[in-house]
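Worksheet: the structure to be examined is printed underneath.
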Amino acid sequence: MRKVRRMAKLEQEVVIVGSGAAGHSCARTLRSEGFEGRILLVNGEGGPAVNRTLVDTGVLPGLLTGEQIALPPLPGVEIVDARAVRLGAAAPSVTLDDGRELSGDALVLACGSVPRALGDEIEVDPAVPLHTVHSVRDAERLRSALPEPEGARLVVLGSGFIGAEVASHYAGLGARVVLVGRSGLPLRAALGSEVSARLAALHEERVDARFGAEVRSIRAAGSGDGRAVVELAGTGHEGSTIEADAVVVAVGSRPATEWTGFEGPIPVDDRLRVPGRPGLYAAGSAAAPELAWGSLRLDHWDAAVAQGAHAAKALLHDLGSGADPGAYAPITGFTLMAYGAVVAARGVRVEDAQEESAELEGGGLLTELSTPADDLTGLVGWNAGPHLARAATRLLPE
């Protein structure tokens with residue numbers, strides 16, 4: 001019996017689309033859990049996959065290179081350098097841009113996300129180079145655009161995670177940073193009211209923060225050197241203009257799922273299976289797991305790593321080679337560093353969350369996030385250090 005089962009495992013094949021956090025974690029977990037079949041990892045990055053958390057904190061400051069933040073190789077995993085363009089209608093299969101079709105006993109969609117573009121209602125002069133900070137090449141382009149940051153005028157559109165860290169970095173180099181955010185409280189949906197209020201106040205101390213503003217147009221300054229004029233709209237900002245040596249667009253991300261036929265993130269159950277599609281799974285920022293509080297897409301590195309591992313264990317169970325991993329629980333977190341402050345979180349903030357905050361010694365703050373039924377779902381700390389780590393043990397499944 002052992003020999004028959006071993007041969008079956010050797011003949012099994014798993015295809016993973018996406019070589020970033022979720023895909024890399026899925027492949028690594030398959031091997032560490034004893035999967036002996038073939039693993040194909042589709043890499044559409046155009047180069048080695050990297051740890052994206054280090055793009056704006058390591059590559060942008062010039063502390064690290066793209067080679068240094070590349071994800072480690074995975075022994076026993078076949079890398080397929082191509083881009084997926086079509087998902088099979090029935091069996092777990094995918095068509096690549098070079099015409100090849102890959103199929104397996106299981107297919108994991110870990111295709112990640114891409115930067116969200118400005119809305120079509122915003123008039124943008126194509127002569128103005130707009131910068132994102134998503135890839136190594138993006139970070140290198142932005143560094144080249146501002147070779148001498150001191151005194152340069154940088155406009156950052158978006159006050160989320162990337163916008164906050166880019167603004168902090170360039171403010172520290174002496175640039176004149178204008179941070180434009182649509183919300184009056186940046187990142188409130190993730191951090192809660194009190195921590196986001198502290199972050200807003202810190203932005204207002206260190207940069208020219210324009211909260212509650214929207215972008216009306218971006219046009220060339222007329223000098224032909226890539227400089228721009230950004231016009232704003234919104235209460236208190238109507239018609240105001242900002243001259244910029246460079247413009248960064250950091251208005252969030254969207255799942256890179258157009259080619260799959262799904263609109264937006266791919267809905268999955270609590271084992272990260274795509275309902276109604278046997279053998280098909282999705283993980284990371286391309287997926288929206290169904291949780292006890294509803295569907296939720298997470299675009300954080302640690303969450304993608306955890307989901308990739310969970311999908312691997314779920315598909316092994318479905319293939320008859322492992323135990324049921326149980327329901328996926330969002331207990332990982334993220335860290336945001338801005339102007340010397342450290343904002344860290346574990347778990348998630350759900351819609352209509354209740355917040356309870358406690359002041360800590362040294363000016364820190366710890367906020368508990370709960371459902372309306374008082375179920376703890378997340379914790380957010382402002383310079384909270386070990387207090388957050390200790391409290392986070394309450395998020396672990398019983």
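Ordering of the structure tokens sets the chain letters (A, B, ...); residue numbers start at 1 within each chain; ligands are numbered from 1 in the order shown.
Residue-level DSSP output for segment 266-302 of chain A, from the backbone, shows strand (DSSP E) at Ile266, Pro267, Val268, Leu280, Tyr281, Ala282, Ala287, Ala288, Pro289, Glu290, Leu291, Gly294 and Ser295 of chain A.
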Generate the output file for the selected residues, N, CA, C and O atoms, as a CSV table (one decimal), in the first residue's frame.
chain,number,residue,atom,x,y,z
A,266,ILE,N,-10.4,37.3,-6.4
A,266,ILE,CA,-11.0,36.0,-6.6
A,266,ILE,C,-11.6,35.5,-5.3
A,266,ILE,O,-10.9,35.3,-4.3
A,267,PRO,N,-12.9,35.2,-5.3
A,267,PRO,CA,-13.6,34.8,-4.1
A,267,PRO,C,-13.2,33.3,-3.8
A,267,PRO,O,-13.2,32.5,-4.7
A,268,VAL,N,-12.8,33.1,-2.6
A,268,VAL,CA,-12.4,31.7,-2.1
A,268,VAL,C,-13.1,31.4,-0.8
A,268,VAL,O,-13.5,32.4,-0.1
A,280,LEU,N,-9.0,24.2,-8.0
A,280,LEU,CA,-8.5,25.6,-8.2
A,280,LEU,C,-8.5,26.3,-6.8
A,280,LEU,O,-9.5,26.3,-6.1
A,281,TYR,N,-7.4,27.0,-6.5
A,281,TYR,CA,-7.2,27.7,-5.3
A,281,TYR,C,-6.7,29.1,-5.6
A,281,TYR,O,-6.1,29.4,-6.7
A,282,ALA,N,-6.8,30.1,-4.7
A,282,ALA,CA,-6.3,31.4,-4.8
A,282,ALA,C,-5.8,31.9,-3.5
A,282,ALA,O,-6.4,31.6,-2.5
A,287,ALA,N,-6.7,37.3,-3.9
A,287,ALA,CA,-7.8,36.5,-3.4
A,287,ALA,C,-8.6,37.3,-2.3
A,287,ALA,O,-8.1,38.2,-1.7
A,288,ALA,N,-9.8,36.9,-2.1
A,288,ALA,CA,-10.7,37.4,-1.1
A,288,ALA,C,-11.3,36.3,-0.3
A,288,ALA,O,-12.4,35.8,-0.7
A,289,PRO,N,-10.7,35.8,0.7
A,289,PRO,CA,-11.2,34.7,1.5
A,289,PRO,C,-12.5,35.0,2.2
A,289,PRO,O,-12.7,36.2,2.7
A,290,GLU,N,-13.4,34.1,2.3
A,290,GLU,CA,-14.6,34.2,3.1
A,290,GLU,C,-14.4,33.9,4.5
A,290,GLU,O,-14.0,32.8,4.9
A,291,LEU,N,-14.5,34.9,5.4
A,291,LEU,CA,-14.2,34.8,6.8
A,291,LEU,C,-15.6,34.9,7.6
A,291,LEU,O,-16.6,35.1,7.0
A,294,GLY,N,-17.2,38.1,6.8
A,294,GLY,CA,-17.5,38.5,5.4
A,294,GLY,C,-16.2,38.3,4.6
A,294,GLY,O,-15.1,37.9,5.1
A,295,SER,N,-16.3,38.7,3.3
A,295,SER,CA,-15.2,38.5,2.4
A,295,SER,C,-14.2,39.6,2.6
A,295,SER,O,-14.5,40.8,2.9
> Excluding same-chain residues fewer than 5 positions from Asp56 of chain A, what lies within 10 Å of it counting only C-alpha atoms, as a ChimeraX atom specification?
Replying inline: /A:61-62,133-136,138-140,162-163,165-166,169
List as a PDB file with N, CA, C and O atoms, in the first residue's frame the protein and nucleic acid residues near segment 211-217 of chain A, meaning an atom at most 10 Å away when only C-alpha atoms are counted, but skip any in the same chain fewer than 6 places from it.
ATOM      1  N   LEU A 118      -4.634  56.334 -11.486  1.00  0.00           N
ATOM      2  CA  LEU A 118      -5.553  57.431 -11.216  1.00  0.00           C
ATOM      3  C   LEU A 118      -6.818  57.246 -12.039  1.00  0.00           C
ATOM      4  O   LEU A 118      -6.805  56.625 -13.105  1.00  0.00           O
ATOM      5  N   GLY A 119      -7.918  57.772 -11.562  1.00  0.00           N
ATOM      6  CA  GLY A 119      -9.192  57.614 -12.251  1.00  0.00           C
ATOM      7  C   GLY A 119      -9.223  58.314 -13.600  1.00  0.00           C
ATOM      8  O   GLY A 119      -8.494  59.291 -13.839  1.00  0.00           O
ATOM      9  N   GLU A 121     -11.341  60.215 -14.692  1.00  0.00           N
ATOM     10  CA  GLU A 121     -11.868  61.582 -14.602  1.00  0.00           C
ATOM     11  C   GLU A 121     -10.770  62.615 -14.380  1.00  0.00           C
ATOM     12  O   GLU A 121     -11.005  63.828 -14.491  1.00  0.00           O
ATOM     13  N   ILE A 122      -9.568  62.162 -14.057  1.00  0.00           N
ATOM     14  CA  ILE A 122      -8.447  63.079 -13.827  1.00  0.00           C
ATOM     15  C   ILE A 122      -7.704  63.306 -15.143  1.00  0.00           C
ATOM     16  O   ILE A 122      -7.281  62.356 -15.800  1.00  0.00           O
ATOM     17  N   GLU A 123      -7.554  64.542 -15.508  1.00  0.00           N
ATOM     18  CA  GLU A 123      -6.840  64.886 -16.744  1.00  0.00           C
ATOM     19  C   GLU A 123      -5.329  64.811 -16.495  1.00  0.00           C
ATOM     20  O   GLU A 123      -4.801  65.527 -15.647  1.00  0.00           O
ATOM     21  N   VAL A 124      -4.670  63.932 -17.226  1.00  0.00           N
ATOM     22  CA  VAL A 124      -3.235  63.730 -17.048  1.00  0.00           C
ATOM     23  C   VAL A 124      -2.524  63.955 -18.368  1.00  0.00           C
ATOM     24  O   VAL A 124      -2.851  63.309 -19.374  1.00  0.00           O
ATOM     25  N   ASP A 125      -1.560  64.866 -18.376  1.00  0.00           N
ATOM     26  CA  ASP A 125      -0.743  65.118 -19.555  1.00  0.00           C
ATOM     27  C   ASP A 125       0.213  63.940 -19.739  1.00  0.00           C
ATOM     28  O   ASP A 125       0.999  63.638 -18.839  1.00  0.00           O
ATOM     29  N   LEU A 157       0.770  61.400  -4.313  1.00  0.00           N
ATOM     30  CA  LEU A 157      -0.683  61.274  -4.395  1.00  0.00           C
ATOM     31  C   LEU A 157      -1.092  59.969  -3.730  1.00  0.00           C
ATOM     32  O   LEU A 157      -0.823  58.891  -4.240  1.00  0.00           O
ATOM     33  N   GLY A 158      -1.698  60.088  -2.562  1.00  0.00           N
ATOM     34  CA  GLY A 158      -2.091  58.904  -1.800  1.00  0.00           C
ATOM     35  C   GLY A 158      -1.380  58.871  -0.466  1.00  0.00           C
ATOM     36  O   GLY A 158      -0.142  58.960  -0.411  1.00  0.00           O
ATOM     37  N   SER A 159      -2.146  58.731   0.620  1.00  0.00           N
ATOM     38  CA  SER A 159      -1.559  58.764   1.961  1.00  0.00           C
ATOM     39  C   SER A 159      -1.659  57.411   2.659  1.00  0.00           C
ATOM     40  O   SER A 159      -1.735  57.344   3.882  1.00  0.00           O
ATOM     41  N   LEU A 179       1.989  65.893   0.421  1.00  0.00           N
ATOM     42  CA  LEU A 179       1.267  64.618   0.507  1.00  0.00           C
ATOM     43  C   LEU A 179      -0.224  64.890   0.336  1.00  0.00           C
ATOM     44  O   LEU A 179      -0.824  65.598   1.139  1.00  0.00           O
ATOM     45  N   VAL A 180      -0.806  64.313  -0.707  1.00  0.00           N
ATOM     46  CA  VAL A 180      -2.212  64.549  -1.023  1.00  0.00           C
ATOM     47  C   VAL A 180      -3.006  63.288  -0.708  1.00  0.00           C
ATOM     48  O   VAL A 180      -2.730  62.221  -1.262  1.00  0.00           O
ATOM     49  N   GLY A 181      -3.988  63.404   0.177  1.00  0.00           N
ATOM     50  CA  GLY A 181      -4.817  62.261   0.538  1.00  0.00           C
ATOM     51  C   GLY A 181      -6.290  62.612   0.492  1.00  0.00           C
ATOM     52  O   GLY A 181      -6.698  63.687   0.952  1.00  0.00           O
ATOM     53  N   ARG A 182      -7.103  61.723  -0.052  1.00  0.00           N
ATOM     54  CA  ARG A 182      -8.539  61.990  -0.143  1.00  0.00           C
ATOM     55  C   ARG A 182      -9.211  61.958   1.222  1.00  0.00           C
ATOM     56  O   ARG A 182     -10.183  62.651   1.465  1.00  0.00           O
ATOM     57  N   SER A 183      -8.690  61.124   2.119  1.00  0.00           N
ATOM     58  CA  SER A 183      -9.299  60.986   3.442  1.00  0.00           C
ATOM     59  C   SER A 183      -8.722  62.011   4.415  1.00  0.00           C
ATOM     60  O   SER A 183      -7.557  62.391   4.316  1.00  0.00           O
ATOM     61  N   GLY A 184      -9.562  62.418   5.357  1.00  0.00           N
ATOM     62  CA  GLY A 184      -9.065  63.303   6.401  1.00  0.00           C
ATOM     63  C   GLY A 184      -8.217  62.573   7.411  1.00  0.00           C
ATOM     64  O   GLY A 184      -7.377  63.171   8.083  1.00  0.00           O
ATOM     65  N   LEU A 185      -8.444  61.253   7.542  1.00  0.00           N
ATOM     66  CA  LEU A 185      -7.664  60.406   8.442  1.00  0.00           C
ATOM     67  C   LEU A 185      -7.035  59.290   7.619  1.00  0.00           C
ATOM     68  O   LEU A 185      -7.704  58.312   7.288  1.00  0.00           O
ATOM     69  N   PRO A 186      -5.751  59.410   7.286  1.00  0.00           N
ATOM     70  CA  PRO A 186      -5.117  58.400   6.435  1.00  0.00           C
ATOM     71  C   PRO A 186      -5.082  57.031   7.101  1.00  0.00           C
ATOM     72  O   PRO A 186      -4.777  56.909   8.285  1.00  0.00           O
ATOM     73  N   ALA A 200      -1.795  61.217  10.981  1.00  0.00           N
ATOM     74  CA  ALA A 200      -2.132  62.445  10.263  1.00  0.00           C
ATOM     75  C   ALA A 200      -1.409  63.643  10.865  1.00  0.00           C
ATOM     76  O   ALA A 200      -0.865  64.494  10.152  1.00  0.00           O
ATOM     77  N   HIS A 203       2.238  63.580   9.853  1.00  0.00           N
ATOM     78  CA  HIS A 203       2.390  64.066   8.479  1.00  0.00           C
ATOM     79  C   HIS A 203       2.340  65.598   8.443  1.00  0.00           C
ATOM     80  O   HIS A 203       3.162  66.248   7.781  1.00  0.00           O
ATOM     81  N   GLU A 204       1.379  66.164   9.157  1.00  0.00           N
ATOM     82  CA  GLU A 204       1.200  67.620   9.111  1.00  0.00           C
ATOM     83  C   GLU A 204       2.380  68.358   9.729  1.00  0.00           C
ATOM     84  O   GLU A 204       2.666  69.495   9.374  1.00  0.00           O
ATOM     85  N   VAL A 229       2.604  70.352 -12.947  1.00  0.00           N
ATOM     86  CA  VAL A 229       1.727  71.179 -12.129  1.00  0.00           C
ATOM     87  C   VAL A 229       0.508  70.330 -11.797  1.00  0.00           C
ATOM     88  O   VAL A 229      -0.187  69.851 -12.696  1.00  0.00           O
ATOM     89  N   VAL A 230       0.277  70.119 -10.502  1.00  0.00           N
ATOM     90  CA  VAL A 230      -0.849  69.306 -10.038  1.00  0.00           C
ATOM     91  C   VAL A 230      -1.932  70.245  -9.522  1.00  0.00           C
ATOM     92  O   VAL A 230      -1.678  71.082  -8.644  1.00  0.00           O
ATOM     93  N   GLU A 231      -3.132  70.115 -10.084  1.00  0.00           N
ATOM     94  CA  GLU A 231      -4.264  70.930  -9.640  1.00  0.00           C
ATOM     95  C   GLU A 231      -5.178  70.078  -8.774  1.00  0.00           C
ATOM     96  O   GLU A 231      -5.513  68.944  -9.122  1.00  0.00           O
ATOM     97  N   LEU A 232      -5.606  70.648  -7.645  1.00  0.00           N
ATOM     98  CA  LEU A 232      -6.429  69.923  -6.689  1.00  0.00           C
ATOM     99  C   LEU A 232      -7.870  70.409  -6.709  1.00  0.00           C
ATOM    100  O   LEU A 232      -8.187  71.481  -7.227  1.00  0.00           O
ATOM    101  N   ALA A 233      -8.733  69.595  -6.122  1.00  0.00           N
ATOM    102  CA  ALA A 233     -10.134  69.934  -5.924  1.00  0.00           C
ATOM    103  C   ALA A 233     -10.529  69.479  -4.535  1.00  0.00           C
ATOM    104  O   ALA A 233      -9.759  68.808  -3.835  1.00  0.00           O
ATOM    105  N   GLY A 234     -11.749  69.830  -4.121  1.00  0.00           N
ATOM    106  CA  GLY A 234     -12.208  69.453  -2.795  1.00  0.00           C
ATOM    107  C   GLY A 234     -12.324  70.659  -1.884  1.00  0.00           C
ATOM    108  O   GLY A 234     -11.695  71.705  -2.135  1.00  0.00           O
ATOM    109  N   THR A 235     -13.090  70.534  -0.851  1.00  0.00           N
ATOM    110  CA  THR A 235     -13.322  71.630   0.082  1.00  0.00           C
ATOM    111  C   THR A 235     -12.004  72.140   0.666  1.00  0.00           C
ATOM    112  O   THR A 235     -11.218  71.379   1.231  1.00  0.00           O
ATOM    113  N   GLY A 236     -11.779  73.431   0.473  1.00  0.00           N
ATOM    114  CA  GLY A 236     -10.553  74.042   0.969  1.00  0.00           C
ATOM    115  C   GLY A 236      -9.361  73.895   0.043  1.00  0.00           C
ATOM    116  O   GLY A 236      -8.295  74.468   0.309  1.00  0.00           O
ATOM    117  N   HIS A 237      -9.524  73.114  -1.030  1.00  0.00           N
ATOM    118  CA  HIS A 237      -8.403  72.880  -1.952  1.00  0.00           C
ATOM    119  C   HIS A 237      -8.763  73.236  -3.395  1.00  0.00           C
ATOM    120  O   HIS A 237      -7.920  73.109  -4.287  1.00  0.00           O
ATOM    121  N   GLU A 238      -9.992  73.656  -3.628  1.00  0.00           N
ATOM    122  CA  GLU A 238     -10.492  73.871  -4.979  1.00  0.00           C
ATOM    123  C   GLU A 238      -9.600  74.842  -5.758  1.00  0.00           C
ATOM    124  O   GLU A 238      -9.387  75.979  -5.359  1.00  0.00           O
ATOM    125  N   GLY A 239      -9.059  74.323  -6.894  1.00  0.00           N
ATOM    126  CA  GLY A 239      -8.280  75.166  -7.792  1.00  0.00           C
ATOM    127  C   GLY A 239      -6.855  75.410  -7.368  1.00  0.00           C
ATOM    128  O   GLY A 239      -6.097  76.055  -8.104  1.00  0.00           O
ATOM    129  N   SER A 240      -6.427  74.920  -6.206  1.00  0.00           N
ATOM    130  CA  SER A 240      -5.046  75.140  -5.779  1.00  0.00           C
ATOM    131  C   SER A 240      -4.101  74.296  -6.637  1.00  0.00           C
ATOM    132  O   SER A 240      -4.457  73.204  -7.088  1.00  0.00           O
ATOM    133  N   THR A 241      -2.920  74.802  -6.875  1.00  0.00           N
ATOM    134  CA  THR A 241      -1.951  74.108  -7.720  1.00  0.00           C
ATOM    135  C   THR A 241      -0.632  73.916  -6.987  1.00  0.00           C
ATOM    136  O   THR A 241      -0.276  74.697  -6.091  1.00  0.00           O
TER     137      THR A 241
END
> By how many Å are atom CA of Ala22 of chain A and atom CA of Gly284 of chain A apart?
Replying inline: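 These atoms are spaced 5.2 Å apart.
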> In terms of the shortest atom-to-atom distance over only C-alpha atoms, which of A:Arg52, A:Lys313, A:Arg38, A:Arg273 is closest to Gly76 of chain A?
Replying inline: A:Arg38
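Using only C-alpha atoms, the nearest neighbour of Thr335 of chain A within the list A:Gly252, A:Gly385, A:Gly99, A:Gly192 is A:Gly385.
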> What's the 7 Å shell around Ala338 of chain A, counting only C-alpha atoms, without same-chain residues fewer than 2 positions away, as a VMD selection string?
Replying inline: chain A and resid 164 to 165 168 336 340 to 342
Take the residues from that selection and write them out as an mmCIF file, in the first residue's frame, keeping N, CA, C and O atoms.
data_model
loop_
_atom_site.group_PDB
_atom_site.id
_atom_site.type_symbol
_atom_site.label_atom_id
_atom_site.label_comp_id
_atom_site.auth_asym_id
_atom_site.auth_seq_id
_atom_site.Cartn_x
_atom_site.Cartn_y
_atom_site.Cartn_z
ATOM 1 N N ALA A 164 2.881 57.024 2.646
ATOM 2 C CA ALA A 164 3.447 57.474 3.922
ATOM 3 C C ALA A 164 4.949 57.222 3.983
ATOM 4 O O ALA A 164 5.724 58.090 4.417
ATOM 5 N N GLU A 165 5.387 56.033 3.556
ATOM 6 C CA GLU A 165 6.814 55.718 3.654
ATOM 7 C C GLU A 165 7.639 56.500 2.637
ATOM 8 O O GLU A 165 8.764 56.911 2.933
ATOM 9 N N SER A 168 7.873 60.060 4.015
ATOM 10 C CA SER A 168 8.802 60.087 5.140
ATOM 11 C C SER A 168 10.252 60.035 4.660
ATOM 12 O O SER A 168 11.107 60.786 5.145
ATOM 13 N N LEU A 336 4.502 49.729 9.508
ATOM 14 C CA LEU A 336 4.680 50.968 8.761
ATOM 15 C C LEU A 336 5.608 51.864 9.562
ATOM 16 O O LEU A 336 5.380 52.108 10.749
ATOM 17 N N GLY A 340 10.234 58.159 11.905
ATOM 18 C CA GLY A 340 10.755 57.628 13.146
ATOM 19 C C GLY A 340 9.732 56.917 14.007
ATOM 20 O O GLY A 340 10.100 56.240 14.981
ATOM 21 N N ALA A 341 8.453 57.053 13.684
ATOM 22 C CA ALA A 341 7.403 56.339 14.427
ATOM 23 C C ALA A 341 7.199 54.958 13.804
ATOM 24 O O ALA A 341 7.365 54.780 12.597
ATOM 25 N N VAL A 342 6.837 53.999 14.621
ATOM 26 C CA VAL A 342 6.578 52.642 14.155
ATOM 27 C C VAL A 342 5.114 52.302 14.414
ATOM 28 O O VAL A 342 4.667 52.284 15.571
#
